[in-house]
>>> print(open('target28.csv').read())   # CSV, C-alpha atoms
chain,number,residue,atom,x,y,z
F,1,MET,CA,107.2,116.2,126.7
F,2,THR,CA,107.9,117.8,123.4
F,3,ASP,CA,108.7,121.3,122.3
F,4,GLU,CA,105.0,121.6,121.1
F,5,ASP,CA,103.7,120.9,124.6
F,6,VAL,CA,104.7,124.3,125.8
F,7,ILE,CA,104.0,127.8,124.5
F,8,VAL,CA,106.0,130.8,125.3
F,9,ARG,CA,103.9,134.0,125.2
F,10,ARG,CA,103.5,137.4,126.7
F,11,ALA,CA,101.9,137.3,130.1
F,12,ARG,CA,98.4,138.6,130.7
F,13,ALA,CA,96.7,139.8,133.9
F,14,GLU,CA,95.0,136.4,134.4
F,15,ASP,CA,98.5,134.8,134.5
F,16,ILE,CA,99.5,136.7,137.7
F,17,PRO,CA,98.7,133.8,140.1
F,18,GLY,CA,100.8,131.5,137.9
F,19,LEU,CA,103.6,134.1,137.8
F,20,VAL,CA,103.6,134.3,141.6
F,21,ALA,CA,103.8,130.5,141.9
F,22,SER,CA,106.6,130.4,139.3
F,23,SER,CA,108.5,133.2,141.1
F,24,ALA,CA,108.0,131.4,144.4
F,25,GLY,CA,109.7,128.3,142.8
F,26,LEU,CA,112.6,130.4,141.7
F,27,PHE,CA,113.1,132.0,145.1
F,28,ALA,CA,112.8,128.6,146.9
F,29,GLU,CA,115.2,126.8,144.5
F,30,ASP,CA,117.7,129.4,143.7
F,31,GLY,CA,118.0,132.3,146.1
F,32,GLY,CA,116.6,130.4,149.0
F,33,THR,CA,119.3,127.8,148.8
F,34,ARG,CA,122.2,130.1,147.9
F,35,ASP,CA,121.6,133.4,149.8
F,36,ALA,CA,120.4,133.5,153.4
F,37,THR,CA,119.5,137.2,153.1
F,38,ILE,CA,116.7,136.5,150.5
F,39,ASN,CA,113.1,136.7,151.7
F,40,VAL,CA,111.8,133.5,150.1
F,41,ASP,CA,108.2,134.7,151.0
F,42,TRP,CA,108.6,137.8,148.8
F,43,PRO,CA,106.7,136.4,145.8
F,44,ARG,CA,103.7,135.5,147.9
F,45,GLU,CA,103.8,138.8,149.8
F,46,HIS,CA,104.6,141.2,146.9
F,47,GLY,CA,104.6,139.2,143.7
F,48,ALA,CA,101.1,140.0,142.5
F,49,GLU,CA,101.6,143.7,142.9
F,50,SER,CA,105.0,143.6,141.2
F,51,PHE,CA,103.8,141.5,138.2
F,52,ALA,CA,100.7,143.8,137.8
F,53,ALA,CA,103.0,146.8,137.7
F,54,ALA,CA,105.4,145.1,135.2
F,55,LEU,CA,102.5,144.2,132.9
F,56,ALA,CA,101.5,147.9,132.8
F,57,ASP,CA,105.0,149.1,132.1
F,58,PRO,CA,106.1,149.4,128.4
F,59,ALA,CA,109.8,149.2,129.4
F,60,ARG,CA,109.2,145.8,131.0
F,61,LEU,CA,108.7,142.3,129.4
F,62,VAL,CA,106.8,139.5,131.2
F,63,LEU,CA,106.7,136.2,129.4
F,64,VAL,CA,105.1,132.9,130.6
F,65,VAL,CA,105.7,129.3,129.7
F,66,ASP,CA,102.2,127.9,129.2
F,67,ARG,CA,101.5,124.2,129.2
F,68,ALA,CA,97.8,123.3,128.7
F,69,GLY,CA,96.7,126.7,130.2
F,70,GLN,CA,99.0,126.4,133.3
F,71,VAL,CA,102.0,128.7,133.9
F,72,VAL,CA,105.1,126.5,134.3
F,73,GLY,CA,107.7,129.1,133.9
F,74,HIS,CA,108.4,132.8,133.4
F,75,LEU,CA,110.8,135.5,132.4
F,76,THR,CA,110.9,139.2,133.3
F,77,GLY,CA,113.1,141.8,131.8
F,78,SER,CA,113.5,145.6,131.5
F,79,VAL,CA,115.1,148.1,129.2
F,80,THR,CA,116.9,151.2,130.6
F,81,GLY,CA,119.2,154.0,129.5
F,82,PRO,CA,121.2,155.4,128.2
F,83,THR,CA,122.2,157.6,131.1
F,84,ASP,CA,125.0,159.9,131.9
F,85,LYS,CA,126.7,157.1,133.7
F,86,ARG,CA,126.0,154.2,131.2
F,87,LEU,CA,126.0,155.5,127.7
F,88,VAL,CA,124.1,152.6,126.1
F,89,THR,CA,120.6,151.2,126.3
F,90,SER,CA,120.7,148.0,128.2
F,91,ALA,CA,118.2,145.1,128.6
F,92,THR,CA,118.3,143.3,131.9
F,93,LEU,CA,116.9,139.8,132.3
F,94,ILE,CA,115.5,140.2,135.8
F,95,SER,CA,114.2,136.7,136.6
F,96,MET,CA,113.7,133.5,134.7
F,97,TYR,CA,112.4,130.1,135.9
F,98,VAL,CA,111.1,126.9,134.4
F,99,ARG,CA,109.7,124.2,136.6
F,100,PRO,CA,112.1,121.2,136.7
F,101,ALA,CA,109.7,118.9,135.0
F,102,HIS,CA,109.5,121.2,132.0
F,103,ARG,CA,113.2,122.0,131.6
F,104,ARG,CA,113.9,119.6,128.7
F,105,SER,CA,111.1,121.1,126.6
F,106,ARG,CA,113.5,123.9,125.3
F,107,ALA,CA,111.2,126.4,127.2
F,108,GLY,CA,114.3,128.2,128.6
F,109,THR,CA,115.8,128.6,125.2
F,110,ARG,CA,112.6,129.9,123.8
F,111,LEU,CA,112.2,132.4,126.7
F,112,MET,CA,115.8,133.6,126.0
F,113,GLU,CA,115.2,133.9,122.3
F,114,LYS,CA,112.1,136.0,122.9
F,115,PHE,CA,113.8,138.2,125.5
F,116,LEU,CA,116.8,138.9,123.2
F,117,ALA,CA,114.5,139.7,120.2
F,118,TRP,CA,112.5,142.0,122.4
F,119,ALA,CA,115.7,143.7,123.8
F,120,GLU,CA,116.9,144.3,120.2
F,121,ASP,CA,113.5,145.6,119.1
F,122,SER,CA,113.5,147.9,122.1
F,123,GLY,CA,116.8,149.5,121.0
F,124,ALA,CA,119.0,147.8,123.6
F,125,GLU,CA,122.7,147.7,122.6
F,126,GLN,CA,123.5,145.1,125.3
F,127,ALA,CA,121.8,142.5,127.4
F,128,GLU,CA,122.7,141.5,130.9
F,129,VAL,CA,121.7,138.9,133.5
F,130,THR,CA,123.0,138.0,137.0
F,131,ALA,CA,123.3,134.5,138.5
F,132,TYR,CA,124.5,133.1,141.7
F,133,SER,CA,128.1,132.0,141.3
F,134,ALA,CA,127.1,128.6,142.8
F,135,ASN,CA,124.4,128.1,140.2
F,136,ALA,CA,126.6,126.4,137.6
F,137,ASP,CA,123.6,125.2,135.5
F,138,ALA,CA,122.3,128.7,135.1
F,139,ILE,CA,125.7,130.1,134.2
F,140,ARG,CA,126.2,127.4,131.5
F,141,PHE,CA,122.8,128.2,130.1
F,142,TYR,CA,123.5,131.9,129.9
F,143,GLU,CA,126.9,131.3,128.4
F,144,ARG,CA,125.3,129.1,125.7
F,145,SER,CA,123.0,132.1,125.0
F,146,GLY,CA,126.1,134.3,124.4
F,147,PHE,CA,126.5,136.0,127.8
F,148,GLY,CA,129.9,136.3,129.3
F,149,PRO,CA,131.2,137.4,132.7
F,150,GLN,CA,131.4,141.2,133.2
F,151,LEU,CA,131.2,141.9,137.0
F,152,LEU,CA,131.9,140.0,140.1
F,153,THR,CA,130.2,140.8,143.4
F,154,LEU,CA,132.1,139.9,146.5
F,155,ARG,CA,130.3,139.8,149.8
F,156,ARG,CA,131.2,139.5,153.5
F,157,ALA,CA,128.9,139.0,156.4
F,158,LEU,CA,129.4,141.4,159.3
>>> encode(input="target28.csv", output="structure tokens")
Amino acid sequence: MTDEDVIVRRARAEDIPGLVASSAGLFAEDGGTRDATINVDWPREHGAESFAAALADPARLVLVVDRAGQVVGHLTGSVTGPTDKRLVTSATLISMYVRPAHRRSRAGTRLMEKFLAWAEDSGAEQAEVTAYSANADAIRFYERSGFGPQLLTLRRAL
């Protein structure tokens, strides 16, 4: 597979089933294996409604990785602020996933480039993303894209 085999573009309403499937892949592979509190059925139960709302929201970005008309990955993001608490406009990468068979096509890098350009065009002064601490591959990818650690969440089961 080459870089030309995949297209990164803004999502459309007809992409929602593919977005739900991509999100289900993310939940199963990432959260579902690293966090027992995650509802891995959330994408199938609520994804279509959530993606439809995101597509209609000008403060949200929804991108797809399209290979021959099939959604094989996605990225969602939002822009917020400034607020009384956080004095800058911030872009948050909410979710990102590329099916394993398509990860060597530079699709993730192209998703990130489009997200960062959108964030800057939207007036964001910073961009942020969260990753599970056990997901070393994702952390390396985000660090290669210029992100660095800012916060650490510690959790204890009760």
>>> residues_around(input="target28.csv", residues="Ser78 (chain F)", least_positions_apart="6", cutoff="6 Å", atoms="all atoms listed in the file", output="VMD selection string")
chain F and resid 59 to 60 91 to 92
>>> residues_near_point(input="target28.csv", point="(115.6, 133.4, 147.2)", cutoff="7 Å", atoms="all atoms listed in the file", output="number ranges by chain")
F: 26-28, 30-33, 35, 38-40
>>> residues_around(input="target28.csv", residues="Arg10 (chain F)", least_positions_apart="4", cutoff="12 Å", atoms="only C-alpha atoms", output="ChimeraX atom specification")
/F:14-16,19,54-55,60-66,71,73-77,111,114-115,118
>>> atom_distance(input="target28.csv", atom1="CA of Ala53 (chain F)", atom2="CA of Asp41 (chain F)")
18.7 Å
>>> atom_distance(input="target28.csv", atom1="CA of Asp5 (chain F)", atom2="CA of Ala117 (chain F)")
22.1 Å
>>> atom_distance(input="target28.csv", atom1="CA of Gly25 (chain F)", atom2="CA of Gly69 (chain F)")
18.2 Å
>>> residues_around(input="target28.csv", residues="Leu152 (chain F)", least_positions_apart="4", cutoff="12 Å", atoms="all atoms listed in the file", output="JSON list (two decimals) with C-alpha atoms, in the coordinates of the input")
[["chain", "number", "residue", "atom", "x", "y", "z"],
["F", 130, "THR", "CA", 123.00, 138.00, 137.00],
["F", 131, "ALA", "CA", 123.30, 134.50, 138.50],
["F", 132, "TYR", "CA", 124.50, 133.10, 141.70],
["F", 133, "SER", "CA", 128.10, 132.00, 141.30],
["F", 148, "GLY", "CA", 129.90, 136.30, 129.30]]
>>> residues_around(input="target28.csv", residues="Val88 (chain F)", least_positions_apart="3", cutoff="12 Å", atoms="all atoms listed in the file", output="count of residues only")
13
>>> closest_residue(input="target28.csv", among="F:Asn135, F:Arg144, F:His46, F:Glu29", to="Glu113 (chain F)", atoms="only C-alpha atoms")
F:Arg144
